[in-house]
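Structure data follow from run21.cif (mmCIF, C-alpha atoms and all ligand atoms):
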data_entry
#
loop_
_atom_site.label_atom_id
_atom_site.label_comp_id
_atom_site.auth_asym_id
_atom_site.auth_seq_id
_atom_site.Cartn_x
_atom_site.Cartn_y
_atom_site.Cartn_z
CA MET A 1 -22.49 6.00 -17.99
CA LYS A 2 -24.36 3.81 -15.58
CA VAL A 3 -22.08 2.78 -12.73
CA LEU A 4 -22.52 0.12 -10.06
CA VAL A 5 -20.50 0.50 -6.85
CA VAL A 6 -20.04 -2.71 -4.82
CA GLY A 7 -19.78 -2.47 -1.03
CA GLY A 8 -21.48 -0.78 1.89
CA GLY A 9 -19.04 1.27 3.93
CA GLY A 10 -17.74 4.83 4.15
CA ARG A 11 -15.39 4.31 1.22
CA GLU A 12 -18.26 3.25 -1.02
CA HIS A 13 -20.37 6.20 0.15
CA ALA A 14 -17.55 8.54 -0.89
CA LEU A 15 -17.12 6.78 -4.26
CA VAL A 16 -20.87 6.95 -4.98
CA TRP A 17 -20.99 10.63 -4.01
CA ARG A 18 -18.02 11.58 -6.16
CA LEU A 19 -19.07 9.45 -9.14
CA GLN A 20 -22.40 11.27 -9.10
CA GLY A 21 -20.43 14.45 -9.72
CA SER A 22 -18.66 13.00 -12.77
CA PRO A 23 -19.84 14.73 -15.95
CA SER A 24 -19.87 11.39 -17.80
CA VAL A 25 -22.22 9.72 -15.31
CA LYS A 26 -25.98 9.39 -15.74
CA GLU A 27 -26.67 7.04 -12.83
CA VAL A 28 -24.78 5.52 -9.91
CA PHE A 29 -26.28 2.75 -7.82
CA CYS A 30 -24.84 0.62 -5.06
CA ALA A 31 -24.96 -2.96 -3.82
CA PRO A 32 -25.67 -3.39 -0.98
CA GLY A 33 -24.94 0.19 0.24
CA ASN A 34 -26.00 1.44 3.66
CA ALA A 35 -28.47 3.94 5.14
CA GLY A 36 -26.33 6.95 4.24
CA ILE A 37 -25.70 5.80 0.67
CA ALA A 38 -29.44 5.15 0.27
CA ALA A 39 -30.10 8.83 0.97
CA ASP A 40 -27.90 9.76 -2.02
CA ALA A 41 -28.41 6.88 -4.50
CA ARG A 42 -30.45 3.77 -5.27
CA CYS A 43 -29.29 0.72 -3.32
CA VAL A 44 -29.88 -2.92 -4.31
CA ALA A 45 -29.86 -5.63 -1.64
CA THR A 46 -27.26 -7.88 -3.36
CA LYS A 47 -24.38 -8.46 -0.91
CA ALA A 48 -20.72 -7.86 -1.74
CA ASP A 49 -19.90 -11.57 -1.30
CA ASP A 50 -22.66 -12.76 -3.64
CA LEU A 51 -20.44 -12.90 -6.73
CA GLY A 52 -23.02 -14.63 -8.94
CA GLY A 53 -25.72 -12.19 -7.86
CA LEU A 54 -23.49 -9.20 -8.63
CA VAL A 55 -22.60 -10.47 -12.11
CA ALA A 56 -26.30 -11.07 -12.84
CA LEU A 57 -27.14 -7.59 -11.51
CA ALA A 58 -24.48 -5.88 -13.64
CA LYS A 59 -25.67 -7.74 -16.75
CA SER A 60 -29.40 -7.19 -16.21
CA GLN A 61 -28.88 -3.48 -15.44
CA ARG A 62 -26.55 -3.10 -18.44
CA VAL A 63 -24.00 -1.17 -16.42
CA ASP A 64 -21.08 0.50 -18.17
CA LEU A 65 -18.72 0.10 -15.23
CA VAL A 66 -18.57 -1.76 -11.92
CA VAL A 67 -16.39 -0.22 -9.20
CA VAL A 68 -15.50 -2.72 -6.47
CA GLY A 69 -14.88 -1.20 -3.02
CA PRO A 70 -13.79 -3.93 -0.59
CA GLU A 71 -10.94 -6.44 -0.82
CA ALA A 72 -12.85 -9.64 0.02
CA PRO A 73 -14.81 -9.89 -3.26
CA LEU A 74 -11.64 -9.10 -5.23
CA VAL A 75 -9.73 -11.84 -3.40
CA ALA A 76 -12.69 -14.16 -4.15
CA GLY A 77 -12.52 -13.35 -7.88
CA LEU A 78 -15.35 -10.87 -8.53
CA ALA A 79 -13.35 -8.88 -11.09
CA ASP A 80 -12.40 -12.07 -12.97
CA ARG A 81 -16.05 -13.10 -13.14
CA LEU A 82 -17.27 -9.70 -14.29
CA SER A 83 -14.55 -9.54 -16.97
CA ALA A 84 -15.46 -13.03 -18.16
CA ALA A 85 -19.06 -11.85 -18.49
CA GLY A 86 -17.93 -8.86 -20.56
CA VAL A 87 -18.62 -6.21 -17.90
CA PRO A 88 -15.95 -3.48 -17.52
CA VAL A 89 -14.72 -3.55 -13.94
CA PHE A 90 -12.49 -1.34 -11.84
CA GLY A 91 -10.91 -3.81 -9.45
CA CYS A 92 -8.02 -6.25 -9.78
CA SER A 93 -8.03 -9.98 -10.47
CA ALA A 94 -7.94 -12.57 -7.67
CA ALA A 95 -4.34 -13.37 -8.61
CA ALA A 96 -3.36 -9.71 -8.19
CA ALA A 97 -5.45 -9.30 -5.01
CA GLU A 98 -3.22 -11.81 -3.24
CA LEU A 99 -0.88 -8.86 -2.69
CA GLU A 100 -3.36 -7.84 0.03
CA GLY A 101 -5.02 -11.20 0.72
CA SER A 102 -1.82 -12.80 2.00
CA LYS A 103 0.87 -10.88 3.85
CA ALA A 104 3.18 -13.90 3.48
CA PHE A 105 2.71 -13.69 -0.30
CA SER A 106 3.29 -9.94 -0.39
CA LYS A 107 6.45 -10.12 1.76
CA ALA A 108 7.91 -12.91 -0.41
CA PHE A 109 6.96 -10.88 -3.50
CA MET A 110 8.78 -7.80 -2.19
CA ALA A 111 11.85 -9.82 -1.27
CA ARG A 112 11.89 -11.40 -4.75
CA HIS A 113 11.64 -8.04 -6.53
CA GLN A 114 13.82 -5.95 -4.21
CA ILE A 115 11.00 -3.70 -3.10
CA PRO A 116 11.97 -2.00 0.18
CA THR A 117 10.19 -3.43 3.23
CA ALA A 118 10.90 -4.50 6.83
CA ALA A 119 13.00 -7.65 7.39
CA PHE A 120 10.72 -10.57 8.23
CA GLY A 121 10.04 -14.26 8.79
CA VAL A 122 6.89 -16.31 8.05
CA PHE A 123 5.78 -19.06 10.46
CA THR A 124 3.11 -21.66 11.06
CA ARG A 125 4.61 -23.13 14.26
CA ILE A 126 5.22 -21.47 17.59
CA ASP A 127 8.52 -23.27 18.26
CA GLU A 128 9.89 -21.76 15.02
CA VAL A 129 8.69 -18.31 16.12
CA ASP A 130 10.47 -18.70 19.46
CA ARG A 131 13.70 -19.70 17.79
CA PHE A 132 13.53 -16.81 15.29
CA VAL A 133 12.73 -14.15 17.88
CA ASP A 134 15.28 -15.40 20.44
CA GLY A 135 17.99 -15.71 17.81
CA ALA A 136 17.78 -12.15 16.47
CA SER A 137 19.32 -9.00 17.93
CA GLU A 138 16.05 -7.08 17.39
CA ARG A 139 14.00 -6.53 20.56
CA ARG A 140 10.79 -4.93 19.23
CA TRP A 141 8.71 -6.82 16.67
CA VAL A 142 5.52 -6.47 14.71
CA VAL A 143 3.35 -9.58 14.50
CA LYS A 144 0.87 -9.85 11.62
CA ALA A 145 -1.76 -12.42 10.72
CA ASP A 146 -1.22 -13.64 7.16
CA GLY A 147 -4.84 -13.37 6.02
CA LEU A 148 -7.52 -10.66 5.93
CA ALA A 149 -8.42 -9.35 9.39
CA ALA A 150 -10.19 -6.01 8.79
CA GLY A 151 -7.15 -3.97 9.85
CA LYS A 152 -6.96 -5.73 13.22
CA GLY A 153 -4.44 -8.47 12.44
CA VAL A 154 -1.35 -6.42 13.39
CA THR A 155 0.21 -6.03 16.84
CA LEU A 156 3.19 -3.84 17.65
CA CYS A 157 5.15 -5.66 20.35
CA ALA A 158 7.40 -3.92 22.88
CA ASP A 159 9.62 -6.95 23.58
CA ARG A 160 10.38 -10.54 22.60
CA ALA A 161 8.01 -12.07 25.16
CA GLU A 162 5.08 -10.07 23.80
CA ALA A 163 5.93 -11.01 20.22
CA LYS A 164 5.99 -14.69 21.12
CA ARG A 165 2.73 -14.41 23.07
CA GLU A 166 1.01 -12.59 20.25
CA ALA A 167 2.19 -15.04 17.59
CA ARG A 168 0.96 -17.91 19.74
CA ARG A 169 -2.45 -16.25 20.18
CA MET A 170 -2.83 -15.88 16.40
CA LEU A 171 -1.50 -19.36 15.58
CA GLU A 172 -3.90 -20.84 18.12
CA GLY A 173 -6.85 -19.37 16.22
CA ALA A 174 -7.74 -16.01 17.87
CA LEU A 175 -8.28 -14.54 14.39
CA GLY A 176 -9.59 -17.72 12.79
CA SER A 177 -7.89 -19.01 9.67
CA ALA A 178 -6.38 -15.54 8.97
CA GLY A 179 -3.84 -16.32 11.71
CA ALA A 180 -2.89 -19.84 10.64
CA ARG A 181 0.34 -18.29 9.34
CA VAL A 182 2.01 -15.25 10.87
CA VAL A 183 4.51 -12.74 9.58
CA ILE A 184 6.97 -11.40 12.14
CA GLU A 185 8.81 -8.31 11.09
CA GLU A 186 11.33 -5.74 12.13
CA PHE A 187 9.88 -2.69 13.90
CA LEU A 188 10.29 0.32 11.63
CA VAL A 189 10.48 3.89 12.87
CA GLY A 190 9.28 6.89 10.89
CA ARG A 191 6.19 8.75 9.71
CA GLU A 192 3.54 6.87 7.76
CA ALA A 193 1.82 7.78 4.53
CA SER A 194 -0.74 6.09 2.31
CA LEU A 195 0.09 6.39 -1.35
CA MET A 196 -2.65 5.11 -3.63
CA SER A 197 -2.29 4.75 -7.37
CA LEU A 198 -4.12 3.60 -10.46
CA ALA A 199 -2.37 0.82 -12.38
CA ASN A 200 -3.27 -0.53 -15.81
CA GLY A 201 -1.16 -3.69 -15.60
CA GLU A 202 1.99 -2.00 -16.94
CA GLN A 203 2.05 1.60 -15.82
CA VAL A 204 1.02 3.46 -12.73
CA VAL A 205 -0.16 6.93 -11.81
CA ALA A 206 0.08 8.05 -8.19
CA LEU A 207 -2.84 9.80 -6.50
CA ALA A 208 -2.55 12.49 -3.83
CA PRO A 209 -0.90 11.06 -0.70
CA ALA A 210 -2.78 10.87 2.58
CA GLU A 211 -2.01 10.12 6.21
CA ASP A 212 -4.17 7.64 8.08
CA HIS A 213 -4.38 7.44 11.89
CA LYS A 214 -4.54 3.76 12.76
CA THR A 215 -4.81 3.48 16.52
CA ILE A 216 -7.97 4.15 18.50
CA PHE A 217 -6.57 6.83 20.85
CA ASP A 218 -4.93 10.22 20.35
CA GLY A 219 -1.16 10.33 20.07
CA ASP A 220 -1.06 6.95 18.26
CA ARG A 221 -1.86 4.98 21.40
CA GLY A 222 -4.07 1.95 21.91
CA PRO A 223 -4.99 -0.94 19.65
CA MET A 224 -5.07 -0.83 15.84
CA THR A 225 -8.34 -0.09 14.08
CA GLY A 226 -9.48 0.00 10.47
CA GLY A 227 -8.60 3.74 10.45
CA MET A 228 -9.69 6.59 12.78
CA GLY A 229 -9.15 9.49 10.39
CA VAL A 230 -7.22 10.84 7.45
CA VAL A 231 -5.65 14.03 6.24
CA SER A 232 -4.71 14.75 2.63
CA PRO A 233 -2.31 16.09 1.52
CA THR A 234 0.25 15.12 4.13
CA PRO A 235 3.25 17.33 4.90
CA VAL A 236 5.47 14.23 4.99
CA MET A 237 5.27 13.61 1.24
CA ASN A 238 6.31 16.40 -1.07
CA SER A 239 6.48 15.93 -4.84
CA ASP A 240 10.03 14.53 -4.64
CA ALA A 241 8.95 11.93 -2.10
CA ILE A 242 5.96 10.98 -4.28
CA GLU A 243 8.21 10.59 -7.30
CA HIS A 244 10.69 8.51 -5.32
CA ALA A 245 7.99 6.16 -3.98
CA THR A 246 6.29 5.91 -7.36
CA ARG A 247 9.53 4.77 -8.94
CA ASP A 248 10.93 2.54 -6.17
CA VAL A 249 7.70 1.02 -4.89
CA LEU A 250 4.65 1.41 -7.12
CA GLN A 251 6.23 0.95 -10.56
CA LYS A 252 8.47 -1.85 -9.29
CA THR A 253 5.40 -3.60 -7.89
CA VAL A 254 3.50 -3.31 -11.14
CA ASP A 255 6.56 -4.59 -13.05
CA GLY A 256 7.01 -7.48 -10.60
CA MET A 257 3.37 -8.53 -10.72
CA ARG A 258 3.47 -8.46 -14.50
CA ALA A 259 6.66 -10.54 -14.55
CA ASP A 260 5.01 -13.03 -12.16
CA GLY A 261 2.02 -13.44 -14.48
CA ARG A 262 -0.36 -11.54 -12.19
CA PRO A 263 -0.76 -8.17 -13.91
CA PHE A 264 -2.11 -5.55 -11.51
CA ARG A 265 -4.95 -3.57 -13.00
CA GLY A 266 -6.91 -1.47 -10.53
CA LEU A 267 -6.09 0.41 -7.40
CA LEU A 268 -2.69 -0.27 -5.89
CA TYR A 269 -2.34 1.10 -2.36
CA ALA A 270 1.04 1.23 -0.67
CA GLY A 271 1.11 1.82 3.07
CA LEU A 272 4.55 3.36 3.57
CA MET A 273 6.87 4.01 6.46
CA LEU A 274 9.11 6.92 5.55
CA THR A 275 12.36 5.92 7.22
CA ALA A 276 15.83 7.42 7.28
CA ASP A 277 16.69 4.85 4.56
CA GLY A 278 13.82 5.87 2.30
CA PRO A 279 10.22 4.64 1.99
CA LYS A 280 9.51 1.06 3.08
CA VAL A 281 6.30 -0.83 2.42
CA LEU A 282 4.23 -1.71 5.50
CA GLU A 283 1.45 -3.25 3.46
CA PHE A 284 -0.20 -3.34 0.07
CA ASN A 285 -3.92 -3.06 -0.42
CA CYS A 286 -5.60 -3.99 -3.67
CA ARG A 287 -8.42 -1.45 -3.39
CA PHE A 288 -9.21 2.10 -2.32
CA GLY A 289 -8.23 2.82 1.29
CA ASP A 290 -10.85 3.41 3.93
CA PRO A 291 -10.96 6.19 5.20
CA GLU A 292 -8.32 7.59 2.79
CA THR A 293 -10.91 7.58 0.01
CA GLN A 294 -13.33 9.75 2.00
CA ALA A 295 -10.69 12.51 2.12
CA LEU A 296 -9.47 11.96 -1.43
CA MET A 297 -12.93 12.16 -2.99
CA MET A 298 -13.34 15.65 -1.48
CA ARG A 299 -10.28 16.70 -3.51
CA TRP A 300 -10.86 14.76 -6.78
CA GLU A 301 -11.66 17.30 -9.49
CA SER A 302 -11.46 15.43 -12.81
CA ASP A 303 -13.95 12.90 -14.24
CA LEU A 304 -13.54 9.96 -11.86
CA ALA A 305 -15.84 7.60 -13.79
CA LEU A 306 -13.94 8.07 -17.06
CA GLU A 307 -10.63 7.61 -15.28
CA LEU A 308 -11.68 4.37 -13.59
CA LEU A 309 -13.16 3.14 -16.89
CA ALA A 310 -9.81 3.83 -18.62
CA ILE A 311 -8.09 1.53 -16.11
CA ALA A 312 -10.81 -1.10 -16.58
CA ASN A 313 -9.94 -1.00 -20.29
CA GLY A 314 -6.20 -1.27 -19.66
CA LYS A 315 -5.46 2.40 -20.42
CA LEU A 316 -3.69 4.89 -18.19
CA PRO A 317 -5.73 8.06 -17.52
CA THR A 318 -3.82 11.30 -18.02
CA THR A 319 -6.50 13.68 -16.76
CA ILE A 320 -6.46 13.10 -12.99
CA CYS A 321 -6.53 16.35 -11.07
CA PHE A 322 -6.81 17.10 -7.35
CA SER A 323 -7.94 20.32 -5.75
CA SER A 324 -5.21 22.25 -3.95
CA ASP A 325 -7.61 22.30 -0.99
CA ALA A 326 -6.88 19.99 1.93
CA ALA A 327 -9.37 17.46 3.26
CA VAL A 328 -9.72 15.95 6.73
CA CYS A 329 -11.89 12.95 7.60
CA VAL A 330 -12.63 12.18 11.26
CA THR A 331 -14.02 8.70 12.01
CA MET A 332 -16.75 8.54 14.64
CA ALA A 333 -16.80 5.01 16.05
CA ALA A 334 -19.16 3.09 18.32
CA PRO A 335 -18.28 2.48 21.98
CA GLY A 336 -16.31 -0.76 22.34
CA TYR A 337 -14.64 -0.48 18.91
CA PRO A 338 -12.19 -1.97 17.84
CA GLY A 339 -13.47 -4.73 20.12
CA THR A 340 -17.15 -5.62 20.08
CA PRO A 341 -19.04 -2.39 19.39
CA ALA A 342 -22.36 -1.46 21.03
CA LEU A 343 -24.88 -1.02 18.21
CA GLY A 344 -28.37 0.37 17.72
CA GLN A 345 -27.77 3.82 19.29
CA PRO A 346 -29.76 6.67 17.71
CA ILE A 347 -27.63 9.23 15.82
CA GLU A 348 -28.57 12.93 16.16
CA GLY A 349 -27.48 16.12 14.48
CA LEU A 350 -26.93 15.01 10.88
CA LYS A 351 -29.56 17.43 9.54
CA ARG A 352 -27.69 20.41 10.96
CA VAL A 353 -24.42 19.20 9.49
CA ALA A 354 -26.01 18.61 6.07
CA LYS A 355 -26.41 22.41 5.83
CA MET A 356 -22.72 23.09 6.41
CA GLN A 357 -20.73 24.05 3.32
CA ASP A 358 -17.65 22.00 2.38
CA VAL A 359 -18.65 19.22 4.79
CA LYS A 360 -19.89 15.77 3.85
CA VAL A 361 -20.66 12.96 6.28
CA PHE A 362 -19.93 9.56 4.76
CA HIS A 363 -21.76 6.72 6.47
CA ALA A 364 -19.88 3.55 7.35
CA GLY A 365 -22.03 1.61 9.85
CA THR A 366 -25.53 3.10 10.03
CA ARG A 367 -29.00 1.64 9.68
CA GLN A 368 -32.44 3.14 9.26
CA GLN A 369 -34.78 1.99 12.03
CA GLY A 370 -38.25 3.36 11.43
CA ASP A 371 -37.73 7.10 11.15
CA ARG A 372 -34.49 7.02 13.12
CA LEU A 373 -30.94 6.47 12.01
CA VAL A 374 -29.01 4.15 14.36
CA THR A 375 -25.43 2.89 14.66
CA ALA A 376 -24.83 -0.46 12.95
CA GLY A 377 -21.06 -1.02 12.86
CA GLY A 378 -17.76 -0.33 14.63
CA ARG A 379 -16.92 2.63 12.48
CA VAL A 380 -20.12 4.65 12.17
CA LEU A 381 -19.41 7.91 10.31
CA GLY A 382 -16.57 9.60 8.43
CA VAL A 383 -17.07 13.32 8.99
CA THR A 384 -15.16 14.94 6.15
CA ALA A 385 -14.40 18.58 5.39
CA ARG A 386 -12.32 20.54 2.91
CA GLY A 387 -10.58 23.87 3.30
CA ALA A 388 -7.86 26.03 1.83
CA THR A 389 -5.39 24.67 4.40
CA VAL A 390 -5.19 21.57 6.57
CA GLU A 391 -5.92 23.76 9.61
CA LYS A 392 -9.11 25.10 8.04
CA ALA A 393 -10.29 21.67 6.90
CA ARG A 394 -9.54 20.29 10.33
CA ALA A 395 -11.39 23.04 12.17
CA LEU A 396 -14.43 22.56 9.95
CA ALA A 397 -14.42 18.75 10.32
CA TYR A 398 -14.33 19.07 14.12
CA ALA A 399 -17.04 21.77 14.08
CA ALA A 400 -19.22 19.19 12.31
CA VAL A 401 -18.24 16.37 14.68
CA THR A 402 -19.34 18.55 17.61
CA GLU A 403 -22.84 18.75 16.12
CA ILE A 404 -23.24 14.96 15.87
CA HIS A 405 -24.21 12.79 18.83
CA PHE A 406 -24.65 9.15 19.65
CA GLU A 407 -24.08 7.47 22.99
CA GLY A 408 -20.46 6.67 23.72
CA ALA A 409 -19.15 8.01 20.38
CA GLN A 410 -15.38 7.64 20.11
CA PHE A 411 -13.26 9.87 17.91
CA ARG A 412 -9.69 11.11 17.91
CA ARG A 413 -9.10 14.79 18.49
CA ASP A 414 -5.75 14.89 16.70
CA ILE A 415 -6.56 13.96 13.11
CA GLY A 416 -4.43 16.11 10.83
CA ALA A 417 -2.85 17.87 13.79
CA ARG A 418 0.73 16.66 13.29
CA PRO A 419 3.07 19.21 11.78
P1 LIG B 501 -0.42 -3.03 8.16
O1 LIG B 501 -1.87 -3.48 8.16
O2 LIG B 501 0.52 -4.12 7.84
O3 LIG B 501 -0.23 -1.77 7.37
O4 LIG B 501 -0.14 -2.58 9.64
C1 LIG B 501 -1.00 -1.70 10.33
C2 LIG B 501 -0.21 -0.63 11.03
O5 LIG B 501 0.75 -1.23 11.91
C3 LIG B 501 0.63 0.24 10.12
O6 LIG B 501 -0.13 1.27 9.57
C4 LIG B 501 1.68 0.75 11.07
O7 LIG B 501 1.17 1.78 11.89
C5 LIG B 501 1.94 -0.44 11.94
N1 LIG B 501 3.04 -1.25 11.41
C6 LIG B 501 2.93 -2.27 10.53
N2 LIG B 501 4.14 -2.82 10.25
C7 LIG B 501 5.03 -2.13 10.98
C8 LIG B 501 6.46 -2.21 11.15
N3 LIG B 501 7.18 -3.12 10.51
N4 LIG B 501 7.04 -1.32 11.98
C9 LIG B 501 6.32 -0.40 12.65
N5 LIG B 501 4.99 -0.29 12.55
C10 LIG B 501 4.34 -1.12 11.73
N1 LIG B 502 -6.90 2.84 5.83
C1 LIG B 502 -6.19 1.64 5.64
C2 LIG B 502 -6.88 0.66 4.81
O1 LIG B 502 -7.77 0.98 4.05
O2 LIG B 502 -6.53 -0.51 4.87
#
What do you get writing this file as structure tokens?
Amino acid sequence: MKVLVVGGGGREHALVWRLQGSPSVKEVFCAPGNAGIAADARCVATKADDLGGLVALAKSQRVDLVVVGPEAPLVAGLADRLSAAGVPVFGCSAAAAELEGSKAFSKAFMARHQIPTAAFGVFTRIDEVDRFVDGASERRWVVKADGLAAGKGVTLCADRAEAKREARRMLEGALGSAGARVVIEEFLVGREASLMSLANGEQVVALAPAEDHKTIFDGDRGPMTGGMGVVSPTPVMNSDAIEHATRDVLQKTVDGMRADGRPFRGLLYAGLMLTADGPKVLEFNCRFGDPETQALMMRWESDLALELLAIANGKLPTTICFSSDAAVCVTMAAPGYPGTPALGQPIEGLKRVAKMQDVKVFHAGTRQQGDRLVTAGGRVLGVTARGATVEKARALAYAAVTEIHFEGAQFRRDIGARP
């Protein structure tokens, strides 16, 4: 097979790398990719938001499968356009992608189909927010921008005043049109897990669960980011918990989307809070998680390309197999992230790390500048390692992180450290 991966972050680097190991694959190339992906595969300059350009590229290159990484092109209808052009695509339709593209849509969907999630309200006016927050017994709230905000549209609020302030900030345009509507929801307490799955429109198969670390600082402190590191598997989801969530969340979601005339075919990601009352959905994503995918690809043993092609053709793969090894991915981010990152810093030490066994550095925001590699995004690298246990994978990932330097690098020291 000839496979085109769309996107240019750490997730896409991991997908390209793993697809290259698929026995059924002859060539993988990437649009637009990044400096790290370019070291492993051919990159084409077509951007992920150039839908017409991507369809033309897939046709002219006669690709057997397109794998779409990011959510924005799915929300914009890339999969619909590729399908219409007769190109097999792993990625859901625009109608299905609304599950991620609008939090107001996804909350209403869950309420309609009795899928467990936090109690909530949806608002476009601040006076309505004030009335809702003041009228409820709840003190702590979570305020979320309705639209896509690169993982930064969520604020955990300690009291009513903060919730009202935060909703006002979003409604007044701090996040652009993404915040024109806000969701305000009940603060849930528990451990989190990311459960990704492949869905063919009717059925679903769960992948290995992972645990993301969303805040910038150790001990889950500081502002939300796109993801500072991942461990897979996670001790919080045993096979019973996976079965439970597959039945009560994933399959119910696929059934509901089908009943609503928006069949979900592609990757369905449930961000879960495991509460005393069972798993509750924090969010849905309509694509592979980032950085969950970096860890998962280290553990994926079966033929990924064939499995994604099966989904593209509406079939459910039965071959998926994960290594019993654990994987840990540590994000190295630029100084200033998740605010405005400082860019253009030279990155050192990658050659030494390339020689380490069971370690792979996936590039998120890097750029080649002459003969130097420099930082070019908030999240720069996903340093990923595998090992027989979480402890071993974790030790190896941090041994690699220690070898890598760029000015002001930020990374958490506690990825995968929670019992
Ligand atoms: P989301 O993008 O909606 O998954 O939210 C990002 C992060 O905010 C989640 O991974 C949680 O850590 C936190 N979060 C979101 N919703 C809630 C909630 N209702 N209660 C507590 N924490 C939440
Ligand atoms: N790691 C969370 C996400 O991909 O949205």
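Around the coordinate (-7.5, -19.1, 16.1), residues that reach within 12 Å when counting all atoms listed in the file are A:Ala145, A:Gly147, A:Ala149, A:Gly153, A:Glu166, A:Ala167, A:Arg168, A:Arg169, A:Met170, A:Leu171, A:Glu172, A:Gly173, A:Ala174, A:Leu175, A:Gly176, A:Ser177, A:Ala178, A:Gly179, A:Ala180, A:Arg181, A:Val182.
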Could you give me, as a PyMOL selection string, every polymer residue with an atom at most 9 Å away from an atom of ligand LIG 502 (chain B), counting only C-alpha atoms and all ligand atoms?
-> chain A and resi 11+150-151+194+211-214+225-230+269+271+283-285+287-293
Which residues are near ligand LIG 501 (chain B) - at most 7 Å, using all atoms listed in the file? Format: as a PDB file with C-alpha atoms, in the frame of the given file.
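Printed below is result37.pdb as written:
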ATOM      1  CA  ALA A 118      10.900  -4.500   6.830  1.00  0.00           C
ATOM      2  CA  VAL A 142       5.520  -6.470  14.710  1.00  0.00           C
ATOM      3  CA  LYS A 144       0.870  -9.850  11.620  1.00  0.00           C
ATOM      4  CA  GLY A 151      -7.150  -3.970   9.850  1.00  0.00           C
ATOM      5  CA  VAL A 154      -1.350  -6.420  13.390  1.00  0.00           C
ATOM      6  CA  THR A 155       0.210  -6.030  16.840  1.00  0.00           C
ATOM      7  CA  LEU A 156       3.190  -3.840  17.650  1.00  0.00           C
ATOM      8  CA  GLU A 185       8.810  -8.310  11.090  1.00  0.00           C
ATOM      9  CA  GLU A 186      11.330  -5.740  12.130  1.00  0.00           C
ATOM     10  CA  PHE A 187       9.880  -2.690  13.900  1.00  0.00           C
ATOM     11  CA  LEU A 188      10.290   0.320  11.630  1.00  0.00           C
ATOM     12  CA  VAL A 189      10.480   3.890  12.870  1.00  0.00           C
ATOM     13  CA  GLU A 192       3.540   6.870   7.760  1.00  0.00           C
ATOM     14  CA  LYS A 214      -4.540   3.760  12.760  1.00  0.00           C
ATOM     15  CA  MET A 224      -5.070  -0.830  15.840  1.00  0.00           C
ATOM     16  CA  GLY A 271       1.110   1.820   3.070  1.00  0.00           C
ATOM     17  CA  LEU A 282       4.230  -1.710   5.500  1.00  0.00           C
ATOM     18  CA  GLU A 283       1.450  -3.250   3.460  1.00  0.00           C
TER      19      GLU A 283
END
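Nearest-residue note for A:Asp159: choosing from A:Leu195, A:Ala38, A:Ala94, A:Val133, the minimum distance belongs to A:Val133, counting only C-alpha atoms.
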Give as number ranges by chain every residue, naming chains and numbers as the document does, that has an atom within 10 Å of (11.0, -15.7, 20.4), counting all atoms listed in the file.
-> A: 126-136, 139, 141, 159-165, 167
Tell me, as a PyMOL selection string, which residues lie within 9 Å of stretch 58-61 of chain A, counting all atoms listed in the file; anything in the same chain fewer than 5 positions away does not count.
-> chain A and resi 2+4+53+66+82+85-87
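Comparing the minimum interatomic distances between A:Ser197 and each of A:Lys351, A:His244, A:Arg265, A:His13, counting only C-alpha atoms, we find that A:Arg265 sits nearest.
Counting all atoms listed in the file, the residue from A:Leu309, A:Ala210, A:Ala393, A:Ala376 that sits nearest to A:Thr340 is A:Ala376.
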Hey, could you pull the box centre and edge lengths for stretch 177-193 of chain A, axis-aligned, 8 Å padding per side, all listed atoms, to one decimal in Å, as lines of an AutoDock Vina configuration file?
center_x = 1.7
center_y = -5.5
center_z = 9.2
size_x = 35.2
size_y = 44.6
size_z = 25.4
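Going from atom CA of A:Arg42 over to atom CA of A:Val75, you cover 26.0 Å.
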For A:Thr318, the closest of A:Ile242, A:Val204, A:Trp17, A:Leu274 counting all atoms listed in the file is A:Val204
Atom pair atom CA of A:Ala119 / atom CA of A:Glu202: separation (Å) | 27.3 Å
Could you pull the residues within 6 Å of A:Leu65, counting only C-alpha atoms, minus those fewer than 6 positions along the same chain, as a PDB file with C-alpha atoms, keeping the file's coordinate frame?
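For reference, part-v9.pdb as written:
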ATOM      1  CA  VAL A   3     -22.080   2.780 -12.730  1.00  0.00           C
ATOM      2  CA  PRO A  88     -15.950  -3.480 -17.520  1.00  0.00           C
ATOM      3  CA  VAL A  89     -14.720  -3.550 -13.940  1.00  0.00           C
TER       4      VAL A  89
END
Contacts of stretch 103-117 of chain A at 7 Å (only C-alpha atoms; same-chain gap of 4+ positions) as a PyMOL selection string | chain A and resi 98-99+122+146-147+183+248-249+252+256+280-282
Correct to one decimal, the distance atom CA of A:Pro346-atom CA of A:Ala35 is 12.9 Å
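Ranking A:Pro73, A:Pro209, A:Gly7, A:Gly344 by their shortest atom-to-atom distance to A:Leu296, with all atoms listed in the file included, puts A:Pro209 first.
Minimum atom-to-atom distances from A:Arg191, A:Arg367, A:Lys26, A:Lys392 to A:Ala305 were compared using all atoms listed in the file, and the lowest value belongs to A:Lys26.
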Non-local contacts of A:Val68 (6 Å; all atoms listed in the file; under 3 positions in same chain excluded) as a list in words | Val5, Val6 and Gly91 of chain A
Contacts of stretch 400-410 of chain A at 8 Å (all atoms listed in the file; same-chain gap of 5+ positions) as JSON, numbers by chain | {"A": [330, 332, 333, 334, 335, 345, 346, 347, 348, 349, 350, 352, 353, 356, 359, 383]}
